[in-house]
>>> print(open('data_3.pdb').read())   # PDB, C-alpha atoms
ATOM      1  CA  MET A  50     137.338 -24.143 107.804
ATOM      2  CA  ALA A  51     134.289 -22.758 106.005
ATOM      3  CA  MET A  52     132.698 -19.512 106.943
ATOM      4  CA  THR A  53     129.496 -20.096 108.884
ATOM      5  CA  GLU A  54     126.311 -18.775 107.356
ATOM      6  CA  GLN A  55     125.631 -16.617 110.369
ATOM      7  CA  ALA A  56     129.089 -15.040 110.273
ATOM      8  CA  TYR A  57     128.653 -14.379 106.572
ATOM      9  CA  ARG A  58     125.223 -12.807 107.007
ATOM     10  CA  ASP A  59     126.443 -10.586 109.848
ATOM     11  CA  PHE A  60     129.409  -9.470 107.792
ATOM     12  CA  VAL A  61     127.234  -8.781 104.737
ATOM     13  CA  GLN A  62     124.771  -6.841 106.837
ATOM     14  CA  ALA A  63     127.556  -4.660 108.179
ATOM     15  CA  GLN A  64     129.346  -4.110 104.868
ATOM     16  CA  GLN A  65     126.847  -4.206 102.024
ATOM     17  CA  ASP A  66     126.002  -0.475 101.991
ATOM     18  CA  ARG A  67     129.654   0.523 102.192
ATOM     19  CA  VAL A  68     130.636  -1.866  99.407
ATOM     20  CA  PHE A  69     127.738  -0.895  97.145
ATOM     21  CA  SER A  70     128.373   2.835  97.723
ATOM     22  CA  TYR A  71     132.042   2.464  96.879
ATOM     23  CA  ALA A  72     131.181   0.644  93.663
ATOM     24  CA  TRP A  73     128.506   3.198  92.847
ATOM     25  CA  TYR A  74     130.756   6.252  93.332
ATOM     26  CA  PHE A  75     133.527   4.486  91.481
ATOM     27  CA  LEU A  76     131.455   3.395  88.472
ATOM     28  CA  ARG A  77     128.402   5.670  88.545
ATOM     29  CA  HIS A  78     126.495   2.858  86.934
ATOM     30  CA  ARG A  79     123.927   0.975  88.958
ATOM     31  CA  GLU A  80     124.016  -2.398  87.221
ATOM     32  CA  ASP A  81     127.796  -2.499  87.194
ATOM     33  CA  ALA A  82     127.888  -1.515  90.871
ATOM     34  CA  GLU A  83     125.429  -4.298  91.695
ATOM     35  CA  ASP A  84     127.457  -6.840  89.726
ATOM     36  CA  VAL A  85     130.656  -5.834  91.488
ATOM     37  CA  THR A  86     129.011  -6.014  94.925
ATOM     38  CA  GLN A  87     127.516  -9.437  94.255
ATOM     39  CA  GLU A  88     130.747 -10.836  92.850
ATOM     40  CA  ALA A  89     132.738  -9.517  95.817
ATOM     41  CA  PHE A  90     130.466 -11.166  98.386
ATOM     42  CA  LEU A  91     130.322 -14.357  96.349
ATOM     43  CA  ARG A  92     134.109 -14.536  96.486
ATOM     44  CA  LEU A  93     134.034 -13.804 100.192
ATOM     45  CA  TRP A  94     131.685 -16.737 100.767
ATOM     46  CA  ARG A  95     133.610 -19.131  98.570
ATOM     47  CA  GLN A  96     137.131 -18.198  99.559
ATOM     48  CA  TYR A  97     136.653 -17.264 103.197
ATOM     49  CA  PRO A  98     139.751 -15.131 103.707
ATOM     50  CA  ALA A  99     141.555 -15.914 106.933
ATOM     51  CA  GLY A 100     141.820 -13.450 109.792
ATOM     52  CA  ASP A 101     139.461 -11.321 111.819
ATOM     53  CA  ASP A 102     136.773  -8.964 110.555
ATOM     54  CA  ALA A 103     139.319  -6.181 109.994
ATOM     55  CA  GLY A 104     141.420  -8.507 107.875
ATOM     56  CA  ARG A 105     138.381  -9.634 105.930
ATOM     57  CA  GLN A 106     137.374  -6.018 105.432
ATOM     58  CA  ALA A 107     140.808  -5.198 104.002
ATOM     59  CA  TRP A 108     140.507  -8.249 101.743
ATOM     60  CA  LEU A 109     137.060  -7.132 100.620
ATOM     61  CA  THR A 110     138.323  -3.598  99.951
ATOM     62  CA  ARG A 111     141.015  -4.945  97.666
ATOM     63  CA  VAL A 112     138.618  -7.269  95.841
ATOM     64  CA  VAL A 113     135.997  -4.563  95.337
ATOM     65  CA  HIS A 114     138.586  -2.058  94.151
ATOM     66  CA  ASN A 115     140.031  -4.497  91.628
ATOM     67  CA  LEU A 116     136.572  -5.526  90.419
ATOM     68  CA  CYS A 117     135.685  -1.853  89.964
ATOM     69  CA  VAL A 118     138.856  -1.204  87.964
ATOM     70  CA  ASP A 119     138.028  -4.184  85.720
ATOM     71  CA  ALA A 120     134.385  -3.130  85.319
ATOM     72  CA  ASP A 121     135.485   0.406  84.475
ATOM     73  CA  ARG A 122     137.854  -0.918  81.828
ATOM     74  CA  ARG A 123     135.152  -3.126  80.308
ATOM     75  CA  ARG A 124     132.715  -0.258  80.291
ATOM     76  CA  ARG A 125     135.162   1.955  78.434
ATOM     77  CA  VAL A 126     135.344  -0.720  75.762
ATOM     78  CA  ARG A 127     131.552  -0.900  75.386
ATOM     79  CA  ARG A 128     130.909   2.771  76.166
ATOM     80  CA  ASP A 129     129.083   3.448  72.887
ATOM     81  CA  ARG A 130     126.561   0.715  73.567
ATOM     82  CA  VAL A 131     125.782   1.447  77.187
ATOM     83  CA  ARG A 132     123.333   3.986  78.435
ATOM     84  CA  LEU A 133     124.032   5.040  81.977
ATOM     85  CA  ALA A 134     121.400   3.545  84.220
ATOM     86  CA  ASP A 135     118.912   5.730  85.941
ATOM     87  CA  GLU A 136     120.022   6.273  89.527
ATOM     88  CA  GLY A 137     116.812   7.922  90.639
ATOM     89  CA  GLU A 138     115.679   4.881  92.631
ATOM     90  CA  LEU A 139     118.800   4.691  94.759
ATOM     91  CA  GLU A 140     118.266   5.625  98.330
ATOM     92  CA  ARG A 141     120.747   7.744 100.251
ATOM     93  CA  LEU A 142     121.191   7.140 103.927
ATOM     94  CA  PRO A 143     120.477  10.161 106.142
ATOM     95  CA  ASP A 144     123.046  12.947 106.051
ATOM     96  CA  ARG A 145     125.231  12.730 109.121
ATOM     97  CA  ARG A 146     125.492  16.503 109.301
ATOM     98  CA  ALA A 147     121.864  17.402 108.714
ATOM     99  CA  GLY A 148     120.216  18.595 111.905
ATOM    100  CA  ALA A 149     116.556  19.071 112.669
ATOM    101  CA  GLY A 150     116.728  22.795 112.076
ATOM    102  CA  ASP A 151     118.715  22.539 108.895
ATOM    103  CA  GLN A 152     117.641  25.045 106.316
ATOM    104  CA  LEU A 153     116.346  23.578 103.079
ATOM    105  CA  GLU A 154     118.443  25.948 101.017
ATOM    106  CA  ALA A 155     121.662  24.985 102.790
ATOM    107  CA  ALA A 156     120.870  21.309 102.351
ATOM    108  CA  GLN A 157     120.215  21.789  98.638
ATOM    109  CA  SER A 158     123.458  23.698  98.245
ATOM    110  CA  ARG A 159     125.374  20.910  99.920
ATOM    111  CA  ASP A 160     123.678  18.359  97.688
ATOM    112  CA  ARG A 161     124.697  20.278  94.594
ATOM    113  CA  GLN A 162     128.252  20.511  95.854
ATOM    114  CA  ARG A 163     128.404  16.801  96.529
ATOM    115  CA  GLU A 164     126.983  15.950  93.152
ATOM    116  CA  ALA A 165     129.583  18.200  91.530
ATOM    117  CA  VAL A 166     132.352  16.432  93.459
ATOM    118  CA  ALA A 167     130.956  13.027  92.568
ATOM    119  CA  GLN A 168     130.845  13.966  88.903
ATOM    120  CA  ALA A 169     134.379  15.375  88.968
ATOM    121  CA  LEU A 170     135.496  12.207  90.699
ATOM    122  CA  ALA A 171     134.102  10.173  87.828
ATOM    123  CA  GLY A 172     136.433  12.055  85.490
ATOM    124  CA  LEU A 173     139.574  10.826  87.266
ATOM    125  CA  PRO A 174     141.493   7.760  86.118
ATOM    126  CA  ALA A 175     140.102   4.591  87.696
ATOM    127  CA  GLN A 176     143.019   3.835  90.028
ATOM    128  CA  THR A 177     143.218   7.339  91.519
ATOM    129  CA  ARG A 178     139.424   7.549  91.785
ATOM    130  CA  GLY A 179     139.553   4.515  94.016
ATOM    131  CA  LEU A 180     142.334   5.975  96.143
ATOM    132  CA  MET A 181     140.364   9.180  96.689
ATOM    133  CA  LEU A 182     137.295   7.257  97.756
ATOM    134  CA  LEU A 183     139.227   5.003 100.098
ATOM    135  CA  HIS A 184     141.113   7.877 101.710
ATOM    136  CA  TYR A 185     138.577  10.671 101.963
ATOM    137  CA  TRP A 186     135.260   8.890 101.876
ATOM    138  CA  GLN A 187     136.024   5.658 103.709
ATOM    139  CA  GLY A 188     138.602   7.335 105.927
ATOM    140  CA  LEU A 189     141.348   4.769 105.447
ATOM    141  CA  SER A 190     144.875   5.944 106.177
ATOM    142  CA  LEU A 191     147.461   5.976 103.408
ATOM    143  CA  ARG A 192     149.166   3.025 105.104
ATOM    144  CA  GLU A 193     145.941   1.033 105.229
ATOM    145  CA  ILE A 194     145.266   1.746 101.554
ATOM    146  CA  ALA A 195     148.811   0.764 100.633
ATOM    147  CA  SER A 196     148.472  -2.448 102.602
ATOM    148  CA  SER A 197     145.040  -3.292 101.149
ATOM    149  CA  LEU A 198     146.013  -2.661  97.540
ATOM    150  CA  GLY A 199     149.571  -3.973  97.763
ATOM    151  CA  LEU A 200     151.101  -0.605  96.915
ATOM    152  CA  ASN A 201     153.953   1.409  98.351
ATOM    153  CA  GLU A 202     152.780   3.996 100.890
ATOM    154  CA  SER A 203     154.685   6.842  99.258
ATOM    155  CA  THR A 204     153.170   5.903  95.887
ATOM    156  CA  VAL A 205     149.701   6.126  97.398
ATOM    157  CA  LYS A 206     150.565   9.497  98.942
ATOM    158  CA  VAL A 207     151.788  10.950  95.637
ATOM    159  CA  ARG A 208     148.767   9.616  93.737
ATOM    160  CA  VAL A 209     146.300  10.984  96.271
ATOM    161  CA  HIS A 210     147.999  14.380  96.173
ATOM    162  CA  ARG A 211     147.882  14.504  92.368
ATOM    163  CA  ALA A 212     144.307  13.264  92.290
ATOM    164  CA  ARG A 213     143.206  15.933  94.748
ATOM    165  CA  ARG A 214     144.818  18.620  92.616
ATOM    166  CA  ALA A 215     143.185  17.240  89.456
ATOM    167  CA  LEU A 216     139.829  17.043  91.209
ATOM    168  CA  ARG A 217     140.061  20.637  92.426
ATOM    169  CA  GLN A 218     140.978  21.840  88.962
ATOM    170  CA  GLY A 219     138.063  19.885  87.504
ATOM    171  CA  LEU A 220     135.671  21.419  90.008
ATOM    172  CA  ASP A 221     136.983  24.936  89.362
ATOM    173  CA  GLY A 222     136.487  24.355  85.633
ATOM    174  CA  GLN A 223     132.953  23.134  86.288
ATOM    175  CA  LEU A 224     132.223  26.184  88.414
ATOM    176  CA  ALA A 225     133.623  28.508  85.765
ATOM    177  CA  ALA A 226     131.419  26.847  83.154
ATOM    178  CA  GLU A 227     128.332  27.254  85.361
ATOM    179  CA  VAL A 228     129.127  30.930  85.946
ATOM    180  CA  GLY A 229     129.702  31.419  82.228
ATOM    181  CA  THR A 230     126.311  30.046  81.239
TER     182      THR A 230
ATOM    183  CA  MET B  42     136.854  25.120  95.994
ATOM    184  CA  THR B  43     139.483  25.004  98.720
ATOM    185  CA  ASP B  44     141.414  21.895  99.581
ATOM    186  CA  ASP B  45     139.736  21.611 102.964
ATOM    187  CA  LYS B  46     136.296  22.027 101.489
ATOM    188  CA  LEU B  47     137.047  19.342  98.937
ATOM    189  CA  ARG B  48     138.154  16.888 101.631
ATOM    190  CA  GLU B  49     135.088  17.703 103.654
ATOM    191  CA  THR B  50     132.727  17.268 100.733
ATOM    192  CA  LEU B  51     134.324  13.993  99.712
ATOM    193  CA  GLY B  52     134.031  12.739 103.250
ATOM    194  CA  GLU B  53     130.364  13.645 103.356
ATOM    195  CA  LEU B  54     129.275  11.899 100.184
ATOM    196  CA  PRO B  55     126.188  10.046 101.406
ATOM    197  CA  VAL B  56     126.248   6.305 101.790
ATOM    198  CA  VAL B  57     124.069   4.785  99.081
ATOM    199  CA  LYS B  58     121.822   2.096 100.430
ATOM    200  CA  CYS B  59     122.280  -1.314  98.901
ATOM    201  CA  PRO B  60     119.158  -1.906  96.760
ATOM    202  CA  PRO B  61     116.776  -4.415  98.404
ATOM    203  CA  ASP B  62     116.842  -6.900  95.525
ATOM    204  CA  LEU B  63     120.643  -6.943  95.627
ATOM    205  CA  ALA B  64     120.575  -7.339  99.414
ATOM    206  CA  ARG B  65     118.306 -10.358  98.967
ATOM    207  CA  ARG B  66     120.671 -11.881  96.425
ATOM    208  CA  LEU B  67     123.629 -11.334  98.760
ATOM    209  CA  ALA B  68     121.784 -12.945 101.640
ATOM    210  CA  ALA B  69     120.907 -15.931  99.456
ATOM    211  CA  ILE B  70     124.512 -16.693  98.474
ATOM    212  CA  PRO B  71     125.043 -19.280 101.261
ATOM    213  CA  ASP B  72     121.903 -21.114 100.127
ATOM    214  CA  GLU B  73     123.583 -22.073  96.885
ATOM    215  CA  PRO B  74     125.313 -25.427  97.139
ATOM    216  CA  ARG B  75     129.007 -25.014  97.608
ATOM    217  CA  ARG B  76     130.709 -26.058  94.461
ATOM    218  CA  ARG B  77     133.930 -27.897  94.655
ATOM    219  CA  PRO B  78     136.640 -25.952  92.967
ATOM    220  CA  THR B  79     136.783 -27.481  89.534
ATOM    221  CA  VAL B  80     139.854 -27.681  87.425
ATOM    222  CA  ARG B  81     139.033 -25.540  84.475
ATOM    223  CA  TRP B  82     139.200 -27.400  81.222
ATOM    224  CA  TRP B  83     141.924 -25.247  79.750
ATOM    225  CA  VAL B  84     144.250 -26.067  82.626
ATOM    226  CA  TRP B  85     144.764 -29.570  81.251
ATOM    227  CA  ALA B  86     143.638 -29.006  77.653
ATOM    228  CA  THR B  87     146.197 -26.303  76.902
ATOM    229  CA  PRO B  88     149.350 -28.298  77.646
ATOM    230  CA  LEU B  89     147.794 -31.335  75.999
ATOM    231  CA  ALA B  90     147.026 -29.380  72.836
ATOM    232  CA  ALA B  91     150.491 -27.842  72.888
ATOM    233  CA  ALA B  92     152.104 -31.273  73.234
ATOM    234  CA  ALA B  93     149.959 -32.680  70.404
ATOM    235  CA  ALA B  94     150.817 -29.748  68.159
ATOM    236  CA  LEU B  95     154.513 -30.118  68.932
ATOM    237  CA  ALA B  96     154.382 -33.852  68.193
ATOM    238  CA  ALA B  97     152.574 -33.184  64.892
ATOM    239  CA  VAL B  98     155.180 -30.621  63.871
ATOM    240  CA  LEU B  99     158.039 -32.925  64.806
ATOM    241  CA  ILE B 100     156.545 -35.828  62.868
ATOM    242  CA  ALA B 101     155.760 -33.680  59.845
ATOM    243  CA  THR B 102     159.213 -32.140  59.678
ATOM    244  CA  ARG B 103     161.179 -35.279  60.524
ATOM    245  CA  PRO B 104     163.556 -36.145  57.638
ATOM    246  CA  ALA B 105     162.742 -39.420  55.909
ATOM    247  CA  PRO B 106     165.312 -42.117  56.777
ATOM    248  CA  ALA B 107     168.032 -42.339  54.113
ATOM    249  CA  PRO B 108     167.795 -45.606  52.126
ATOM    250  CA  ARG B 109     170.589 -47.983  53.126
ATOM    251  CA  TYR B 110     171.139 -49.368  49.568
ATOM    252  CA  THR B 111     170.625 -47.888  46.168
ATOM    253  CA  ASP B 112     168.409 -49.575  43.591
ATOM    254  CA  ALA B 113     171.511 -50.570  41.605
ATOM    255  CA  GLU B 114     173.048 -52.179  44.664
ATOM    256  CA  VAL B 115     169.860 -54.134  45.323
ATOM    257  CA  ALA B 116     169.745 -55.323  41.692
ATOM    258  CA  ALA B 117     173.405 -56.358  41.824
ATOM    259  CA  ALA B 118     172.811 -58.200  45.080
ATOM    260  CA  ARG B 119     169.859 -60.013  43.563
ATOM    261  CA  ILE B 120     171.976 -61.122  40.581
ATOM    262  CA  GLN B 121     174.746 -62.226  42.919
ATOM    263  CA  ALA B 122     172.291 -64.241  44.942
ATOM    264  CA  VAL B 123     170.985 -66.001  41.818
ATOM    265  CA  GLU B 124     174.507 -66.704  40.672
ATOM    266  CA  THR B 125     175.452 -68.040  44.087
ATOM    267  CA  VAL B 126     172.491 -70.419  44.126
ATOM    268  CA  SER B 127     173.236 -71.447  40.581
ATOM    269  CA  THR B 128     176.884 -72.144  41.402
ATOM    270  CA  ALA B 129     175.881 -74.092  44.457
ATOM    271  CA  MET B 130     173.489 -76.222  42.388
ATOM    272  CA  THR B 131     176.175 -76.809  39.799
ATOM    273  CA  LEU B 132     178.636 -77.874  42.465
ATOM    274  CA  ILE B 133     176.144 -80.260  43.983
ATOM    275  CA  GLN B 134     175.314 -81.798  40.634
ATOM    276  CA  ARG B 135     178.980 -82.137  39.718
ATOM    277  CA  THR B 136     179.809 -83.635  43.092
ATOM    278  CA  GLN B 137     177.017 -86.170  42.729
ATOM    279  CA  ARG B 138     178.206 -87.081  39.253
ATOM    280  CA  GLU B 139     181.811 -87.474  40.348
ATOM    281  CA  ALA B 140     180.775 -89.496  43.347
ATOM    282  CA  VAL B 141     178.748 -91.915  41.180
ATOM    283  CA  SER B 142     181.501 -92.284  38.603
ATOM    284  CA  GLU B 143     184.078 -92.771  41.338
ATOM    285  CA  VAL B 144     182.057 -95.532  42.920
ATOM    286  CA  LEU B 145     180.857 -97.279  39.791
ATOM    287  CA  GLY B 146     183.840 -96.576  37.566
ATOM    288  CA  ARG B 147     186.722 -97.252  39.936
ATOM    289  CA  GLN B 148     185.900 -98.620  43.347
ATOM    290  CA  VAL B 149     183.323-101.267  42.316
ATOM    291  CA  PRO B 150     185.452-102.660  39.417
ATOM    292  CA  ASN B 151     188.555-102.695  41.621
ATOM    293  CA  THR B 152     186.751-104.584  44.338
ATOM    294  CA  LEU B 153     185.352-107.047  41.787
ATOM    295  CA  ARG B 154     188.727-107.516  40.212
ATOM    296  CA  THR B 155     190.408-108.151  43.533
ATOM    297  CA  SER B 156     187.737-110.659  44.474
ATOM    298  CA  VAL B 157     188.004-112.514  41.166
ATOM    299  CA  GLN B 158     191.805-112.686  41.375
ATOM    300  CA  LYS B 159     191.646-114.130  44.866
ATOM    301  CA  ALA B 160     189.152-116.737  43.724
ATOM    302  CA  LEU B 161     191.337-117.714  40.783
ATOM    303  CA  GLN B 162     194.430-118.025  42.941
ATOM    304  CA  LEU B 163     192.669-120.226  45.408
ATOM    305  CA  SER B 164     191.315-122.548  42.699
ATOM    306  CA  GLU B 165     194.740-122.903  40.973
ATOM    307  CA  GLY B 166     196.616-123.576  44.232
ATOM    308  CA  GLY B 167     194.054-126.190  45.315
ATOM    309  CA  GLN B 168     194.473-128.069  42.132
ATOM    310  CA  GLY B 169     198.250-127.701  42.164
TER     311      GLY B 169
END
>>> encode(input="data_3.pdb", output="structure tokens")
Amino acid sequence: MAMTEQAYRDFVQAQQDRVFSYAWYFLRHREDAEDVTQEAFLRLWRQYPAGDDAGRQAWLTRVVHNLCVDADRRRRVRRDRVRLADEGELERLPDRRAGAGDQLEAAQSRDRQREAVAQALAGLPAQTRGLMLLHYWQGLSLREIASSLGLNESTVKVRVHRARRALRQGLDGQLAAEVGT
Amino acid sequence: MTDDKLRETLGELPVVKCPPDLARRLAAIPDEPRRRPTVRWWVWATPLAAAAALAAVLIATRPAPAPRYTDAEVAAARIQAVETVSTAMTLIQRTQREAVSEVLGRQVPNTLRTSVQKALQLSEGGQG
């Protein structure tokens, strides 16, 4: 049974920002993130994974993660020839925490912190970067990640723990460098 | 940065909006005609090429069949064949000659002699 156009469009509408954001934070390269997002939805349309929306979402998570890992590998090969794309045009959705009376200074501080985390994240190995995003940013449980990526749950747990430690160390190093300058 | 702060900050990374041109491309995916899954050419070409290569190697390395007779044996056989034909011809000629001499030299004269003797005996007895 083929996926109906309406079902596809509804699913895309609900998932496209999440998928693009994941690819963006994973790759930090706009064109690559766009390619990954387009390829993932193309596969969704052509293959029509069985199950409900939750099942399809898990399928999409796995496909996007694997496409990101591949794109990251390819980019490492051609790193010398690629200039990171300008991300200035990308639009962020409104901050969930920002209130009407939010102070500008506090908001800027949070932005800096997030950018520092995003940059430190980019320094992690591809596989663990993905796990961190899935667990802390998308809010998937370790079991859900293990199930989506076909990994053992304890393996995911160990990798997330190590990645968090590496990320914290990277951020502390970044902070020390900023203080030093 | 504390562990809790890190988790919190990661969780609050803003969602990046899908760029409008990409969103349009995603929405247009169903408009493309569905392509039937095609068998990629290397799926059939690879085993075919492998089989052809294997056949070529086998043919190239196959030992040439050993000759059943040596040149000397063939020459000897040829001589024997000529001799056999020659002997056969000789036998035929000799047989023909013997047959002719047997008929003309013995059987015909004997028959004539017998006939003449009988005629003589009849003529003498009739008179006597």
>>> resolve_selection(input="data_3.pdb", expression="the PyMOL selection byres ((chain A and resi 53) around 12)", output="short mmCIF file (atom, residue, chain, number, x, y, z; two decimals) with C-alpha atoms, in the frame of the given file")
data_model
loop_
_atom_site.label_atom_id
_atom_site.label_comp_id
_atom_site.auth_asym_id
_atom_site.auth_seq_id
_atom_site.Cartn_x
_atom_site.Cartn_y
_atom_site.Cartn_z
CA MET A 50 137.34 -24.14 107.80
CA ALA A 51 134.29 -22.76 106.00
CA MET A 52 132.70 -19.51 106.94
CA GLU A 54 126.31 -18.77 107.36
CA GLN A 55 125.63 -16.62 110.37
CA ALA A 56 129.09 -15.04 110.27
CA TYR A 57 128.65 -14.38 106.57
CA ARG A 58 125.22 -12.81 107.01
CA ASP A 59 126.44 -10.59 109.85
CA PHE A 60 129.41 -9.47 107.79
CA LEU A 93 134.03 -13.80 100.19
CA TRP A 94 131.68 -16.74 100.77
CA ARG A 95 133.61 -19.13 98.57
CA TYR A 97 136.65 -17.26 103.20
CA PRO B 71 125.04 -19.28 101.26
CA ASP B 72 121.90 -21.11 100.13
#
>>> resolve_selection(input="data_3.pdb", expression="the ChimeraX specification (/A :<12) & /B", output="ChimeraX atom specification")
/B:42-78
>>> closest_residue(input="data_3.pdb", among="A:Arg192, A:Arg125, A:Arg92, A:Arg178", to="Leu109 in chain A", atoms="only C-alpha atoms")
A:Arg92
>>> atom_distance(input="data_3.pdb", atom1="CA of Val205 in chain A", atom2="CA of Phe75 in chain A")
17.3 Å
>>> resolve_selection(input="data_3.pdb", expression="the PyMOL selection byres ((chain A and resi 114) around 9)", output="ChimeraX atom specification")
/A:71-72,75,109-113,115-119,176,179,198
